[in-house]
Amino acid sequence: MFFRTAHDKRWWQVSSVLPPEWQLKSAYRLNVSSIFKRQSSRFELALTNSRICLALLGSSLLITAQNLIGYSWEKFAWPNGLYYNDVQSWHKISANGFNHEDKVGVVWLIDDKQRLYCFYGDEQLEQVSLPTDSPIRHLSVIGNQLWLLTTDGEIFVRVKNLNPVGSGWVNLSTAQFQSSNKLRYVSLGPELAWACDQHGQIYFRSGDNGPPTLLAPAWIAVDELDISFKEIHVSSSLAVWALGNNGCVYVRQGVTRQLPIGTGWNLVNGVEATQLAVSGNAIWALTNDGSIFRRSGITQQNHFGNKWCMVPGSFRYISVTIDDKLWVLDSNGEVYQLLTSSPLKSDEGQRYEVLHLDEDWVLL
């Protein structure tokens, strides 16, 4: 289903106006947009300024929804035609160090030939020399700090200077880890870092994330449990989220500035993810079929959140900016940005009601 406002030429897509429980349990497991495309008369639609109502003909069901968000995907247009002719497609993207609203920070990209690029200043796209020939496994960014993790488990820290993209690399020792147990994921937070090794164990490190000193902080193993993790993410607000090898999503409980390591893991049901992306106030999840979900209701008082809200579209890689703007890669390696009809908030989410009308009521 799509809508547009009187003074806006853009059509906004609504993910679904059928509540999740009805989609799963009802015999009418049909997407509303597909019903209207076939010009079926099974539903009658009514609108107000803030609410949409759907009635299933021949039934006593009336579905109402409010606070609907419209979504639109926009292919990223490189300023002044900026694009390297030999870049066939992008392999990964990291927008965590970029503020979309203020156009401050750097977006890092890896192409299909394992070359590293940076985009900054809303007009500059540069290739950056790599510190090693080993393929890049992951990039982690917070502010103007960047860590590069290779498939060999090595970490390289980008040296900062007046140039926003830095001027060189310094190796961060990972001698603490045996050659048979390499790091596979790292995530930077304010004066701290989290990591995950190839066996699924989580580690925590407290201290400066800049180029290493002689007394670099040690990695501390966290909660040696039966859970096997593949990704770990920490936000600028210190919230910690993790993805298990089985696709389960977890959030760290008890995290405070006084105790940034937290006290335990909580399972967050609702999606089986292949990738996570974390902003200052939200968590995004990508599933195996390319679907995207955003967790709403996350606050300082409710680190768990309330529910997952599905975003229309299918993509293969996601990343989110500091101010919660989603950047994605499609199956062809093209960059897209998510636009919304109104700003997303930490407690944003469409609300549904499924009403059963008395038989003596007539729906006009």
# chains A, B, ... in the order shown; residues from 1 in each chain; ligands from 1
$ closest_atom_pairs --of "region 75-162 of chain A" --to "region 180-189 of chain A" --cutoff "12 Å" --atoms "only C-alpha atoms" --output "tab-separated table"
residue	atom	partner	partner_atom	distance
A:Ser94	CA	A:Ser187	CA	11.7
A:Asn96	CA	A:Leu188	CA	10.0
A:Gly97	CA	A:Leu188	CA	10.6
A:Ile136	CA	A:Arg184	CA	10.5
A:Arg137	CA	A:Arg184	CA	7.2
A:His138	CA	A:Tyr185	CA	6.5
A:Leu139	CA	A:Val186	CA	7.8
A:Ser140	CA	A:Ser187	CA	5.4
A:Val141	CA	A:Leu188	CA	6.3
A:Ile142	CA	A:Leu188	CA	6.0
A:Gly143	CA	A:Gly189	CA	9.3
A:Asn144	CA	A:Leu188	CA	11.1
A:Gln145	CA	A:Leu188	CA	8.4
A:Leu146	CA	A:Leu188	CA	8.3
A:Trp147	CA	A:Leu188	CA	8.0
A:Leu148	CA	A:Val186	CA	8.7
A:Leu149	CA	A:Tyr185	CA	7.3
A:Thr150	CA	A:Arg184	CA	8.2
A:Thr151	CA	A:Arg184	CA	7.3
A:Asp152	CA	A:Lys182	CA	6.8
A:Gly153	CA	A:Lys182	CA	4.7
A:Glu154	CA	A:Leu183	CA	7.7
A:Ile155	CA	A:Leu183	CA	8.8
A:Phe156	CA	A:Val186	CA	11.4
A:Val157	CA	A:Leu188	CA	11.3
$ residues_around --residues "Thr256 (chain A)" --least-positions-apart "5" --cutoff "10 Å" --atoms "only C-alpha atoms" --output "PDB file with N, CA and C atoms, in the first residue's frame"
ATOM      1  N   SER A 237      25.347   5.315  23.129  1.00  0.00           N
ATOM      2  CA  SER A 237      24.704   5.423  24.442  1.00  0.00           C
ATOM      3  C   SER A 237      25.040   4.236  25.336  1.00  0.00           C
ATOM      4  N   LEU A 238      25.994   3.388  24.889  1.00  0.00           N
ATOM      5  CA  LEU A 238      26.520   2.236  25.620  1.00  0.00           C
ATOM      6  C   LEU A 238      25.632   0.997  25.537  1.00  0.00           C
ATOM      7  N   ALA A 239      24.480   1.074  24.882  1.00  0.00           N
ATOM      8  CA  ALA A 239      23.646  -0.112  24.729  1.00  0.00           C
ATOM      9  C   ALA A 239      24.406  -1.170  23.931  1.00  0.00           C
ATOM     10  N   ILE A 261      30.214  -3.047  31.399  1.00  0.00           N
ATOM     11  CA  ILE A 261      30.259  -4.446  30.982  1.00  0.00           C
ATOM     12  C   ILE A 261      28.924  -5.141  31.187  1.00  0.00           C
ATOM     13  N   GLY A 262      28.035  -4.537  31.996  1.00  0.00           N
ATOM     14  CA  GLY A 262      26.709  -5.100  32.201  1.00  0.00           C
ATOM     15  C   GLY A 262      26.708  -6.325  33.085  1.00  0.00           C
ATOM     16  N   THR A 263      25.535  -6.988  33.141  1.00  0.00           N
ATOM     17  CA  THR A 263      25.375  -8.121  34.066  1.00  0.00           C
ATOM     18  C   THR A 263      24.887  -9.403  33.413  1.00  0.00           C
ATOM     19  N   GLN A 300      16.208   4.666  27.753  1.00  0.00           N
ATOM     20  CA  GLN A 300      17.136   4.394  28.845  1.00  0.00           C
ATOM     21  C   GLN A 300      16.475   3.557  29.933  1.00  0.00           C
TER      22      GLN A 300
END
$ closest_residue --among "A:Val335, A:Gly210, A:Ile298, A:Glu101" --to "Lys160 (chain A)" --atoms "only C-alpha atoms"
A:Gly210
$ residues_around --residues "region 275-281 of chain A" --least-positions-apart "4" --cutoff "8 Å" --atoms "only C-alpha atoms" --output "mmCIF file with N, CA and C atoms, in the first residue's frame"
data_model
loop_
_atom_site.group_PDB
_atom_site.id
_atom_site.type_symbol
_atom_site.label_atom_id
_atom_site.label_comp_id
_atom_site.auth_asym_id
_atom_site.auth_seq_id
_atom_site.Cartn_x
_atom_site.Cartn_y
_atom_site.Cartn_z
ATOM 1 N N ASN A 96 28.398 4.254 10.493
ATOM 2 C CA ASN A 96 28.290 4.519 11.935
ATOM 3 C C ASN A 96 28.969 5.807 12.366
ATOM 4 N N GLU A 231 28.171 -11.683 16.082
ATOM 5 C CA GLU A 231 28.311 -10.223 15.998
ATOM 6 C C GLU A 231 28.077 -9.623 17.379
ATOM 7 N N HIS A 233 27.601 -5.473 19.041
ATOM 8 C CA HIS A 233 27.446 -4.056 18.683
ATOM 9 C C HIS A 233 27.250 -3.236 19.950
ATOM 10 N N VAL A 234 27.933 -2.101 20.031
ATOM 11 C CA VAL A 234 27.740 -1.168 21.135
ATOM 12 C C VAL A 234 27.434 0.200 20.544
ATOM 13 N N SER A 235 26.430 0.862 21.102
ATOM 14 C CA SER A 235 26.014 2.161 20.589
ATOM 15 C C SER A 235 26.722 3.276 21.339
ATOM 16 N N SER A 236 26.549 4.498 20.847
ATOM 17 C CA SER A 236 27.147 5.658 21.518
ATOM 18 C C SER A 236 26.537 5.889 22.887
ATOM 19 N N SER A 237 25.347 5.315 23.129
ATOM 20 C CA SER A 237 24.704 5.423 24.442
ATOM 21 C C SER A 237 25.040 4.236 25.336
ATOM 22 N N TRP A 241 24.236 -4.881 21.923
ATOM 23 C CA TRP A 241 23.407 -5.890 21.273
ATOM 24 C C TRP A 241 24.312 -6.939 20.631
ATOM 25 N N ALA A 242 23.828 -8.168 20.567
ATOM 26 C CA ALA A 242 24.637 -9.251 20.007
ATOM 27 C C ALA A 242 23.758 -10.162 19.161
ATOM 28 N N LEU A 243 24.393 -10.802 18.188
ATOM 29 C CA LEU A 243 23.716 -11.736 17.292
ATOM 30 C C LEU A 243 24.350 -13.104 17.436
ATOM 31 N N ALA A 285 17.695 -4.910 12.139
ATOM 32 C CA ALA A 285 18.041 -6.300 11.863
ATOM 33 C C ALA A 285 17.738 -6.640 10.416
ATOM 34 N N LEU A 286 18.654 -7.386 9.799
ATOM 35 C CA LEU A 286 18.483 -7.897 8.435
ATOM 36 C C LEU A 286 18.288 -9.399 8.527
ATOM 37 N N THR A 287 17.279 -9.934 7.832
ATOM 38 C CA THR A 287 17.005 -11.362 7.886
ATOM 39 C C THR A 287 17.535 -12.060 6.640
ATOM 40 N N ILE A 298 12.799 1.525 22.442
ATOM 41 C CA ILE A 298 14.047 1.468 23.212
ATOM 42 C C ILE A 298 14.302 2.813 23.873
ATOM 43 N N THR A 299 14.421 2.823 25.171
ATOM 44 C CA THR A 299 14.727 4.023 25.942
ATOM 45 C C THR A 299 15.748 3.663 27.015
ATOM 46 N N TYR A 317 22.774 -5.913 2.740
ATOM 47 C CA TYR A 317 23.694 -5.394 3.759
ATOM 48 C C TYR A 317 23.134 -4.085 4.287
ATOM 49 N N ILE A 318 23.262 -3.862 5.605
ATOM 50 C CA ILE A 318 22.711 -2.653 6.218
ATOM 51 C C ILE A 318 23.751 -1.985 7.109
ATOM 52 N N SER A 319 23.625 -0.662 7.237
ATOM 53 C CA SER A 319 24.424 0.122 8.181
ATOM 54 C C SER A 319 23.618 1.366 8.538
ATOM 55 N N VAL A 320 23.825 1.896 9.728
ATOM 56 C CA VAL A 320 23.014 3.011 10.185
ATOM 57 C C VAL A 320 23.911 4.121 10.713
ATOM 58 N N THR A 321 23.503 5.367 10.493
ATOM 59 C CA THR A 321 24.296 6.514 10.922
ATOM 60 C C THR A 321 24.080 6.802 12.407
ATOM 61 N N ILE A 322 24.867 7.764 12.907
ATOM 62 C CA ILE A 322 24.744 8.173 14.299
ATOM 63 C C ILE A 322 23.317 8.606 14.610
ATOM 64 N N ASP A 323 22.696 9.345 13.666
ATOM 65 C CA ASP A 323 21.364 9.880 13.898
ATOM 66 C C ASP A 323 20.268 8.983 13.305
ATOM 67 N N ASP A 324 20.558 7.673 13.203
ATOM 68 C CA ASP A 324 19.551 6.654 12.892
ATOM 69 C C ASP A 324 19.006 6.738 11.474
ATOM 70 N N SER A 346 12.537 6.700 18.985
ATOM 71 C CA SER A 346 12.847 5.454 19.678
ATOM 72 C C SER A 346 11.597 4.692 20.051
#
$ select_by_dssp --residues "region 58-287 of chain A" --states "strand (DSSP E or B)" --output "number ranges by chain"
A: 61-66, 71-75, 90-94, 98-99, 104-111, 116-120, 124-128, 136-142, 145-150, 155-159, 168-172, 183-189, 192-197, 202-206, 220-222, 229-234, 240-244, 249-253, 264-268, 273-278, 283-287
$ closest_residue --among "A:Val165, A:Leu267, A:Leu109, A:Met1" --to "Gly121 (chain A)" --atoms "only C-alpha atoms"
A:Val165
$ residues_around --residues "Val251 (chain A)" --least-positions-apart "4" --cutoff "6 Å" --atoms "only C-alpha atoms" --output "PDB file with N, CA, C and O atoms, in the first residue's frame"
ATOM      1  N   VAL A 240      24.315  -2.434  24.363  1.00  0.00           N
ATOM      2  CA  VAL A 240      25.073  -3.519  23.738  1.00  0.00           C
ATOM      3  C   VAL A 240      24.096  -4.572  23.211  1.00  0.00           C
ATOM      4  O   VAL A 240      23.251  -5.088  23.950  1.00  0.00           O
ATOM      5  N   TRP A 241      24.236  -4.881  21.923  1.00  0.00           N
ATOM      6  CA  TRP A 241      23.407  -5.890  21.273  1.00  0.00           C
ATOM      7  C   TRP A 241      24.312  -6.939  20.631  1.00  0.00           C
ATOM      8  O   TRP A 241      25.423  -6.630  20.216  1.00  0.00           O
ATOM      9  N   TRP A 265      22.754 -11.389  29.588  1.00  0.00           N
ATOM     10  CA  TRP A 265      22.132 -11.276  28.272  1.00  0.00           C
ATOM     11  C   TRP A 265      20.647 -11.584  28.346  1.00  0.00           C
ATOM     12  O   TRP A 265      20.225 -12.503  29.044  1.00  0.00           O
ATOM     13  N   ASN A 266      19.851 -10.811  27.611  1.00  0.00           N
ATOM     14  CA  ASN A 266      18.424 -11.073  27.444  1.00  0.00           C
ATOM     15  C   ASN A 266      18.133 -11.422  26.001  1.00  0.00           C
ATOM     16  O   ASN A 266      18.579 -10.726  25.086  1.00  0.00           O
TER      17      ASN A 266
END
$ closest_residue --among "A:Thr213, A:Ser228, A:Ser173, A:Gln337" --to "Gln198 (chain A)" --atoms "only C-alpha atoms"
A:Ser228
$ closest_residue --among "A:Glu334, A:Ser89, A:Ile232, A:Pro217" --to "Gln176 (chain A)" --atoms "only C-alpha atoms"
A:Pro217
$ residues_around --residues "Lys230 (chain A)" --least-positions-apart "6" --cutoff "6 Å" --atoms "only C-alpha atoms" --output "number ranges by chain"
A: 200, 243-245
$ closest_residue --among "A:Phe119, A:Arg295, A:Leu259, A:Lys113" --to "Ile93 (chain A)" --atoms "only C-alpha atoms"
A:Phe119
